[in-house]
>>> print(open('work14.txt').read())   # compact mmCIF, C-alpha atoms (C1' of nucleotides)
# COMPACT_ATOMS: atom_id res chain seq x y z
CA MET A 82 0.00 0.00 0.00
CA MET A 83 1.30 3.39 -1.00
CA HIS A 84 1.06 5.60 2.02
CA ASN A 85 3.86 8.04 1.42
CA SER A 86 3.18 10.88 -0.98
CA LEU A 87 4.60 14.00 -2.58
CA LYS A 88 3.17 16.62 -4.90
CA PHE A 89 4.84 18.31 -7.86
CA ASN A 90 3.71 21.57 -9.40
CA SER A 91 5.31 21.86 -12.81
CA LEU A 92 4.08 22.08 -16.36
CA ILE A 93 4.39 18.55 -17.74
CA ASN A 94 2.30 16.14 -19.77
CA LEU A 95 3.33 12.85 -18.19
CA LYS A 96 1.63 10.61 -20.73
CA LEU A 97 3.15 12.44 -23.67
CA THR A 98 6.57 12.38 -22.05
CA GLN A 99 6.36 8.68 -21.29
CA GLU A 100 5.09 7.69 -24.71
CA SER A 101 7.22 9.92 -26.92
CA GLY A 102 9.68 7.11 -27.66
CA GLN A 103 12.74 8.73 -26.15
CA THR A 104 15.70 6.41 -26.10
CA SER A 105 16.71 6.68 -22.48
CA GLN A 106 14.57 3.94 -21.06
CA SER A 107 11.49 1.87 -21.64
CA PRO A 108 8.26 3.52 -20.47
CA TRP A 109 7.22 2.95 -16.90
CA TYR A 110 4.44 0.53 -16.06
CA TYR A 111 1.14 2.15 -17.03
CA GLU A 112 -2.38 1.83 -15.72
CA ASP A 113 -5.28 4.23 -15.68
CA SER A 114 -7.86 4.79 -13.00
CA LEU A 115 -10.97 6.82 -12.34
CA LYS A 116 -11.63 9.26 -9.54
CA SER A 117 -14.99 11.02 -9.41
CA GLU A 118 -15.42 10.49 -13.15
CA SER A 119 -12.02 11.93 -14.00
CA ARG A 120 -9.44 9.78 -15.67
CA ILE A 121 -6.02 9.47 -14.10
CA HIS A 122 -2.84 8.25 -15.78
CA ASN A 123 -0.57 6.28 -13.45
CA TYR A 124 3.03 5.32 -14.10
CA SER A 125 5.17 3.21 -11.82
CA ASP A 126 8.72 1.97 -11.66
CA VAL A 127 11.46 1.27 -9.15
CA ILE A 128 14.17 3.81 -8.52
CA LEU A 129 17.27 3.29 -6.41
CA LEU A 130 18.14 6.00 -3.94
CA ASN A 131 21.85 5.95 -4.66
CA LYS A 132 22.63 8.47 -1.97
CA LEU A 133 20.86 6.31 0.59
CA GLY A 134 22.59 2.99 0.07
CA ASN A 135 20.74 2.25 -3.17
CA LEU A 136 17.50 1.81 -1.30
CA PRO A 137 14.88 0.54 -3.81
CA VAL A 138 11.63 2.46 -3.81
CA LEU A 139 8.51 1.77 -5.84
CA ILE A 140 7.35 5.07 -7.30
CA LYS A 141 3.89 5.72 -8.65
CA LEU A 142 3.12 8.95 -10.50
CA SER A 143 -0.47 10.01 -11.04
CA GLN A 144 -1.74 12.80 -13.22
CA TYR A 145 -5.30 13.82 -14.05
CA GLU A 146 -6.04 13.54 -17.73
CA ASN A 147 -6.42 17.27 -18.28
CA ASP A 148 -4.14 18.72 -15.67
CA PHE A 149 -0.68 19.36 -17.01
CA ASN A 150 0.37 21.63 -14.19
CA SER A 151 0.81 19.12 -11.42
CA PHE A 152 1.08 15.44 -10.61
CA ASP A 153 1.13 13.32 -7.49
CA LEU A 154 3.71 10.83 -6.37
CA SER A 155 3.28 8.00 -3.93
CA TYR A 156 5.89 5.47 -2.98
CA ASP A 157 6.44 2.25 -1.15
CA PHE A 158 9.30 0.17 0.21
CA LEU A 159 9.97 -3.53 -0.13
CA PRO A 160 7.84 -5.62 2.25
CA ASN A 161 10.72 -6.51 4.55
CA PHE A 162 12.00 -2.94 4.81
CA ASP A 163 12.03 -1.33 8.18
CA LEU A 164 13.05 2.29 8.40
CA SER A 165 14.19 1.89 11.98
CA ASP A 166 16.85 -0.60 10.79
CA THR A 167 18.49 2.22 8.86
CA CYS A 168 19.99 5.57 9.69
CA PHE A 169 17.75 7.39 7.20
CA SER A 170 14.91 9.71 8.00
CA PHE A 171 11.69 10.17 6.06
CA LYS A 172 12.81 13.67 5.28
CA GLU A 173 16.01 12.44 3.65
CA ILE A 174 14.11 9.84 1.67
CA ASN A 175 11.53 12.36 0.49
CA ASN A 176 14.26 14.75 -0.57
CA GLU A 177 16.15 12.13 -2.47
CA ILE A 178 13.06 10.92 -4.30
CA LYS A 179 12.15 14.49 -5.16
CA ASN A 180 15.63 15.17 -6.53
CA GLN A 181 15.58 12.10 -8.69
CA ILE A 182 12.14 12.82 -10.11
CA ILE A 183 13.15 16.40 -10.88
CA ASN A 184 16.18 15.01 -12.67
CA ILE A 185 14.40 12.23 -14.57
CA PHE A 186 11.64 14.49 -15.88
CA ASN A 187 13.88 17.50 -16.24
CA LEU A 188 11.48 19.57 -14.16
CA ASP A 189 13.99 22.38 -13.62
CA PHE A 190 13.90 23.22 -17.30
CA ASP A 191 11.90 26.38 -18.00
CA LEU A 192 9.40 25.20 -20.61
CA ASN A 193 7.69 28.56 -20.95
CA SER A 194 10.90 30.33 -21.94
CA PHE A 195 11.48 27.58 -24.46
CA TYR A 196 7.97 28.07 -25.84
CA LYS A 197 8.68 31.76 -26.22
CA PHE A 198 11.77 30.85 -28.22
CA LEU A 199 9.78 28.45 -30.41
CA SER A 200 7.00 30.95 -31.00
CA GLU A 201 9.44 33.49 -32.34
CA ASP A 202 10.43 31.11 -35.13
CA GLU A 203 7.46 30.62 -37.44
CA LYS A 204 8.76 27.24 -38.55
CA LEU A 205 8.89 25.97 -34.99
CA ALA A 206 5.81 27.67 -33.59
CA PRO A 207 3.35 24.92 -34.63
CA SER A 208 5.21 22.37 -32.50
CA VAL A 209 4.30 24.15 -29.26
CA GLU A 210 0.66 23.19 -29.52
CA PHE A 211 1.41 19.59 -30.48
CA CYS A 212 3.93 19.04 -27.74
CA ASN A 213 2.57 21.08 -24.86
CA GLY A 214 4.01 19.67 -21.64
CA LEU A 215 6.50 17.34 -23.31
CA ARG A 216 9.73 17.10 -21.38
CA LEU A 217 12.97 15.21 -21.66
CA PHE A 218 12.76 11.77 -20.08
CA ILE A 219 16.24 11.38 -18.63
CA ALA A 220 17.57 7.91 -17.83
CA LYS A 221 17.64 6.89 -14.21
CA ASN A 222 20.47 4.54 -15.11
CA LYS A 223 23.18 5.75 -17.48
CA PHE A 224 24.43 2.28 -18.34
CA GLU A 225 20.93 1.21 -19.30
CA CYS A 226 20.69 4.27 -21.51
CA ILE A 227 23.95 3.39 -23.28
CA ILE A 228 22.86 -0.20 -23.95
CA SER A 229 19.38 0.91 -24.91
CA SER A 230 20.74 3.50 -27.33
CA ILE A 231 23.09 0.99 -28.94
CA CYS A 232 20.08 -1.26 -29.30
CA SER A 233 18.13 1.49 -31.05
CA ALA A 234 20.50 1.75 -34.00
CA ASN A 235 18.93 0.58 -37.25
CA ASN A 236 16.03 -0.77 -35.22
CA SER A 237 12.39 0.11 -34.67
CA ILE A 238 11.10 1.75 -31.49
CA ALA A 239 8.79 -1.17 -30.72
CA ARG A 240 11.47 -3.77 -31.21
CA TRP A 241 14.26 -2.21 -29.20
CA THR A 242 11.89 -1.36 -26.33
CA LYS A 243 10.90 -5.01 -26.22
CA SER A 244 14.53 -6.15 -26.24
CA ILE A 245 15.43 -3.89 -23.34
CA SER A 246 12.46 -5.11 -21.31
CA LYS A 247 13.54 -8.66 -21.98
CA ILE A 248 17.10 -7.93 -20.85
CA ARG A 249 15.74 -6.46 -17.64
CA GLU A 250 13.42 -9.38 -17.01
CA THR A 251 16.10 -11.97 -17.79
CA TRP A 252 19.08 -10.57 -15.89
CA GLY A 253 17.90 -7.57 -13.91
CA LYS A 254 17.42 -7.70 -10.19
CA GLU A 255 13.86 -8.58 -9.27
CA TYR A 256 11.91 -6.42 -6.85
CA ILE A 257 8.68 -7.77 -5.47
CA PHE A 258 6.46 -5.34 -3.62
CA SER A 259 3.30 -6.09 -1.71
CA LYS A 260 0.34 -6.54 -3.95
CA GLU A 261 -2.30 -4.58 -2.07
CA ASN A 262 -4.02 -2.12 -4.38
CA GLU A 263 -1.42 -2.53 -7.05
CA ILE A 264 -2.09 -4.49 -10.21
CA ASN A 265 1.58 -4.91 -10.96
CA ASN A 266 3.95 -5.49 -8.07
CA ILE A 267 7.00 -7.06 -9.74
CA PHE A 268 9.69 -4.84 -11.24
CA TYR A 269 13.17 -5.40 -12.62
CA GLY A 270 16.34 -3.36 -12.48
CA PHE A 271 18.87 -3.30 -15.29
CA PRO A 272 21.83 -5.74 -15.19
CA LYS A 273 25.16 -4.20 -14.20
CA VAL A 274 28.27 -3.57 -16.29
CA ASN A 275 29.81 -6.62 -14.60
CA ASP A 276 26.90 -8.86 -15.57
CA PHE A 277 27.46 -8.08 -19.24
CA GLN A 278 31.01 -9.47 -19.11
CA ASN A 279 29.60 -12.98 -18.72
CA PHE A 280 27.14 -12.81 -21.58
CA TYR A 281 27.58 -14.81 -24.74
CA ILE A 282 27.12 -13.05 -28.03
CA ASP A 283 27.76 -15.80 -30.52
CA SER A 284 25.50 -18.83 -30.71
CA ASN A 285 28.58 -20.97 -31.45
CA GLU A 286 29.75 -20.36 -27.95
CA GLU A 287 26.77 -22.32 -26.72
CA TYR A 288 27.94 -25.45 -28.47
CA GLU A 289 31.37 -25.45 -26.94
CA ASN A 290 29.81 -27.32 -24.06
CA HIS A 291 28.58 -30.75 -25.00
CA ASP A 292 26.52 -31.13 -21.88
CA LYS A 293 22.93 -30.33 -22.73
CA LYS A 294 22.32 -28.74 -19.37
CA HIS A 295 25.12 -26.29 -19.96
CA LYS A 296 23.73 -25.52 -23.35
CA ILE A 297 20.50 -24.36 -21.77
CA ASP A 298 22.33 -22.32 -19.17
CA ASN A 299 24.43 -20.73 -21.86
CA TYR A 300 21.40 -19.88 -23.90
CA LYS A 301 20.09 -18.06 -20.89
CA ARG A 302 23.28 -16.05 -20.93
CA ASN A 303 23.14 -15.30 -24.62
CA LEU A 304 22.30 -11.69 -25.33
CA LYS A 305 20.88 -12.62 -28.69
CA SER A 306 18.04 -14.45 -26.95
CA CYS A 307 16.66 -10.98 -26.28
CA GLY A 308 16.38 -10.20 -29.97
CA VAL A 309 19.14 -7.61 -30.15
CA GLY A 310 20.76 -9.37 -33.13
CA TYR A 311 24.22 -8.28 -34.20
CA ARG A 312 24.13 -5.45 -31.67
CA ALA A 313 24.95 -8.02 -28.99
CA GLU A 314 28.61 -7.79 -29.87
CA TYR A 315 28.57 -4.00 -29.61
CA MET A 316 26.88 -4.23 -26.23
CA LYS A 317 29.40 -6.67 -24.85
CA LYS A 318 32.44 -4.84 -26.20
CA SER A 319 31.10 -1.53 -24.97
CA SER A 320 30.52 -2.87 -21.49
CA GLN A 321 34.11 -4.15 -21.47
CA LEU A 322 35.31 -0.64 -22.25
CA LEU A 323 33.02 0.77 -19.58
CA LEU A 324 34.57 -1.59 -17.08
CA ASN A 325 38.21 -0.99 -17.97
CA LYS A 326 38.66 2.29 -19.79
CA ILE A 327 35.78 4.74 -19.70
CA ASP A 328 34.28 5.89 -16.41
CA ILE A 329 30.52 6.29 -16.94
CA GLU A 330 30.14 8.97 -14.30
CA GLU A 331 33.22 10.88 -15.40
CA VAL A 332 31.71 11.54 -18.84
CA GLY A 333 29.05 13.63 -17.12
CA ASN A 334 31.68 16.03 -15.83
CA MET A 335 33.15 16.71 -19.26
CA GLU A 336 32.46 19.46 -21.73
CA TYR A 337 29.93 18.37 -24.34
CA SER A 338 32.44 18.05 -27.19
CA GLU A 339 34.82 15.96 -25.09
CA ALA A 340 31.97 13.81 -23.81
CA PHE A 341 30.86 13.28 -27.41
CA LYS A 342 34.34 12.15 -28.41
CA THR A 343 34.67 9.85 -25.40
CA ILE A 344 31.31 8.16 -25.70
CA SER A 345 31.88 7.71 -29.45
CA GLU A 346 34.75 5.36 -28.64
CA LEU A 347 32.20 2.70 -27.72
CA PRO A 348 31.56 0.14 -30.46
CA GLY A 349 28.12 0.53 -31.99
CA VAL A 350 28.04 4.18 -30.99
CA GLY A 351 28.09 6.53 -33.95
CA PRO A 352 27.21 10.23 -33.94
CA LYS A 353 23.45 9.76 -33.62
CA VAL A 354 23.60 7.23 -30.80
CA ALA A 355 26.29 9.27 -29.03
CA ASP A 356 24.02 12.31 -29.01
CA CYS A 357 21.10 10.24 -27.74
CA ILE A 358 23.21 8.96 -24.86
CA LEU A 359 24.45 12.43 -24.02
CA LEU A 360 21.00 13.98 -24.22
CA TYR A 361 18.77 11.32 -22.69
CA GLY A 362 21.33 9.69 -20.45
CA TYR A 363 23.35 12.64 -19.20
CA GLY A 364 21.16 15.64 -19.89
CA PHE A 365 23.53 17.46 -22.24
CA MET A 366 21.00 19.93 -23.58
CA GLU A 367 23.21 21.03 -26.46
CA ALA A 368 23.18 17.58 -28.10
CA PHE A 369 21.19 17.29 -31.32
CA PRO A 370 20.65 13.62 -32.28
CA SER A 371 20.43 13.61 -36.05
CA ASP A 372 18.66 10.62 -37.53
CA VAL A 373 16.95 10.23 -40.89
CA TRP A 374 13.80 11.95 -39.69
CA ILE A 375 15.47 14.97 -38.16
CA LYS A 376 17.57 15.18 -41.29
CA ARG A 377 14.45 15.28 -43.46
CA ILE A 378 12.69 17.74 -41.18
CA ILE A 379 15.63 20.16 -41.02
CA SER A 380 16.21 19.82 -44.76
CA SER A 381 12.58 20.61 -45.39
CA LEU A 382 12.26 23.50 -42.96
CA TYR A 383 15.61 25.25 -43.33
CA PHE A 384 17.19 24.09 -46.59
CA GLY A 385 14.31 24.36 -49.02
CA GLY A 386 13.88 20.59 -49.21
CA ASN A 387 17.43 19.92 -50.41
CA GLU A 388 18.49 16.92 -48.41
CA ILE A 389 21.58 17.70 -46.33
CA SER A 390 23.82 15.15 -44.62
CA ALA A 391 23.30 13.92 -41.05
CA LYS A 392 26.58 15.52 -40.10
CA LYS A 393 25.51 18.87 -41.45
CA THR A 394 22.12 18.47 -39.76
CA ARG A 395 23.85 17.98 -36.43
CA GLU A 396 26.11 20.98 -36.92
CA PHE A 397 23.15 23.11 -37.94
CA GLY A 398 21.12 22.03 -34.91
CA ILE A 399 23.90 22.65 -32.42
CA ASP A 400 24.64 26.00 -33.98
CA TYR A 401 21.10 27.24 -34.52
CA PHE A 402 19.44 26.03 -31.33
CA GLY A 403 22.32 26.25 -28.86
CA ASP A 404 21.29 25.06 -25.42
CA TYR A 405 17.81 24.34 -26.77
CA ALA A 406 19.16 21.84 -29.32
CA GLY A 407 18.05 18.74 -27.41
CA TYR A 408 14.57 20.08 -26.77
CA ALA A 409 14.26 21.35 -30.33
CA GLN A 410 15.13 17.88 -31.59
CA LEU A 411 12.58 16.29 -29.26
CA TYR A 412 9.83 18.71 -30.29
CA LEU A 413 10.56 18.57 -34.01
CA PHE A 414 10.62 14.79 -33.99
CA HIS A 415 7.38 14.51 -32.09
CA PHE A 416 5.68 17.24 -34.08
CA ALA A 417 6.66 15.60 -37.34
CA ARG A 418 5.31 12.27 -36.14
CA LYS A 419 2.03 13.70 -34.92
CA SER A 420 1.29 16.24 -37.59
CA GLY A 421 1.74 13.86 -40.50
CA LEU A 422 4.77 15.81 -41.68
CA MET A 423 6.81 12.61 -41.53
CA ASP A 424 4.53 10.77 -43.90
CA LYS A 425 4.73 13.72 -46.24
CA LEU A 426 8.51 13.85 -46.07
CA LYS A 427 8.83 10.12 -46.63
CA LYS A 428 7.52 10.50 -50.16
C1' DA B 263 9.72 -18.80 -48.92
C1' DC B 264 11.06 -14.08 -50.17
C1' DC B 265 11.39 -9.14 -49.50
C1' DC B 266 11.70 -5.06 -46.91
C1' DA B 267 12.51 -1.61 -43.45
C1' DG B 268 13.86 -0.14 -38.96
C1' DG B 269 15.10 7.21 -34.85
C1' DG B 270 22.63 3.73 -38.01
C1' DT B 271 27.35 2.07 -37.83
C1' DT B 272 31.32 0.40 -39.97
C1' DG B 273 34.94 0.01 -43.09
C1' DG B 274 36.09 0.60 -47.80
C1' DC B 275 37.91 3.78 -51.40
C1' DG C 119 33.94 12.87 -47.03
C1' DC C 120 30.68 9.79 -49.45
C1' DC C 121 28.60 5.15 -50.27
C1' DA C 122 27.82 0.37 -50.15
C1' DA C 123 27.74 -3.45 -47.34
C1' DC C 124 26.14 -5.09 -43.38
C1' DC C 125 24.55 -7.05 -39.08
C1' DC C 126 19.26 -9.18 -37.27
C1' DT C 127 14.47 -9.55 -36.45
C1' DG C 128 9.53 -9.10 -37.23
C1' DG C 129 5.90 -7.96 -40.29
C1' DG C 130 3.90 -8.04 -44.94
>>> encode(input="work14.txt", output="structure tokens")
Amino acid sequence: MMHNSLKFNSLINLKLTQESGQTSQSPWYYEDSLKSESRIHNYSDVILLNKLGNLPVLIKLSQYENDFNSFDLSYDFLPNFDLSDTCFSFKEINNEIKNQIINIFNLDFDLNSFYKFLSEDEKLAPSVEFCNGLRLFIAKNKFECIISSICSANNSIARWTKSISKIRETWGKEYIFSKENEINNIFYGFPKVNDFQNFYIDSNEEYENHDKKHKIDNYKRNLKSCGVGYRAEYMKKSSQLLLNKIDIEEVGNMEYSEAFKTISELPGVGPKVADCILLYGYGFMEAFPSDVWIKRIISSLYFGGNEISAKKTREFGIDYFGDYAGYAQLYLFHFARKSGLMDKLKK
DNA sequence: ACCCAGGGTTGGC
DNA sequence: GCCAACCCTGGG
């Protein structure tokens, strides 16, 4: 039972933010409910309070269908948790949860100033209405974001989201909360960098063991069983680098250009994926992930329909939008999807 | 069975 | 710097 609660007063459309297909993480568990004939959207997931000994907390966010100016949060601990066994206070826990939620949903970002900026550009102005309340959905786990972004390359949103969920369910730590009032009470974390070192990537590796039992065990450790295909090798090699060479946290302290160079060293990480990791994983607002769609949109809006390269698209975005580059990318992508502009550009 | 596309990356010239 | 080849899976 969720008895602890917090309230947030910020402009945000939770549903839109959760469902906008951002690459940082799979959407949280969704269910809707009714309260005096008003519909409520509820999203839940587990977050780890890393400043409080990685204490796992089940978070549930609730927002009325038509209220984009506030949402409620309630949370719960694992059944065997006893606060008096720890040295933490409720106040500390509340603060830490609040900080993480502010970070994940980028609540410190001034949306209204951004909307003013968009409105002053007639090409961007229409996106405000389509995307009202859309915010960045920043990863709560940077490593997950890196793997998830590698998985997204040359893949479809539906497929890579499914793969990531499967990775979590297969190797992630399981958290089982009490079932009272909650439809879903089982959640999974994301496997650690260390876990990835033991994964197989090649199906031939399974047959090195003649024992049938081992074969099954090995299959369970084969990344490809999660449908990631050839990206398995990238994931494994990248996690080796993240263990031995590149410090995940350190990248966050770098200047954007240095961070871009560093994260690009990972196999399977090209310019587009690097920018996704930096934007959705680290919150580098000046990153401008340039994929085929953004390329087409920018070409159409700012280059008279003459298709420019992805590299040039990125340079244009960084240059033209500055610190709003990441948000501009998010809004343009979503606007193009929703408005039918994408279908038009495809032809 | 075949063909194609998916919010790209890699390695070749 | 450009372009083809390419790695897989799921849907038509």
>>> atom_distance(input="work14.txt", atom1="CA of Glu367 (chain A)", atom2="CA of Ala406 (chain A)")
5.0 Å
>>> interface_residues(input="work14.txt", of="chain C", to="chain A", cutoff="10 Å", atoms="all atoms listed in the file", output="JSON, numbers by chain")
{"C": [120, 124, 125, 126, 127, 128]}
>>> interface_residues(input="work14.txt", of="chain B", to="chain A", cutoff="10 Å", atoms="only C-alpha atoms (C1' of nucleotides)", output="compact mmCIF listing (two decimals) with C-alpha atoms (C1' of nucleotides), keeping the file's coordinate frame")
# COMPACT_ATOMS: atom_id res chain seq x y z
C1' DA B 267 12.51 -1.61 -43.45
C1' DG B 268 13.86 -0.14 -38.96
C1' DG B 269 15.10 7.21 -34.85
C1' DG B 270 22.63 3.73 -38.01
C1' DT B 271 27.35 2.07 -37.83
C1' DT B 272 31.32 0.40 -39.97
>>> residues_around(input="work14.txt", residues="Tyr408 (chain A)", least_positions_apart="6", cutoff="12 Å", atoms="all atoms listed in the file", output="ChimeraX atom specification")
/A:103,187,190-192,194-196,198-199,205,208-209,212,214-218,357,360-361,364-370,398-399,402,414-416
>>> residues_around(input="work14.txt", residues="DG273 (chain B)", least_positions_apart="6", cutoff="12 Å", atoms="all atoms listed in the file", output="count of residues only")
4
>>> closest_residue(input="work14.txt", among="A:Lys204, A:Gly270, A:Asp400, A:Lys247", to="Ile378 (chain A)", atoms="all atoms listed in the file")
A:Lys204
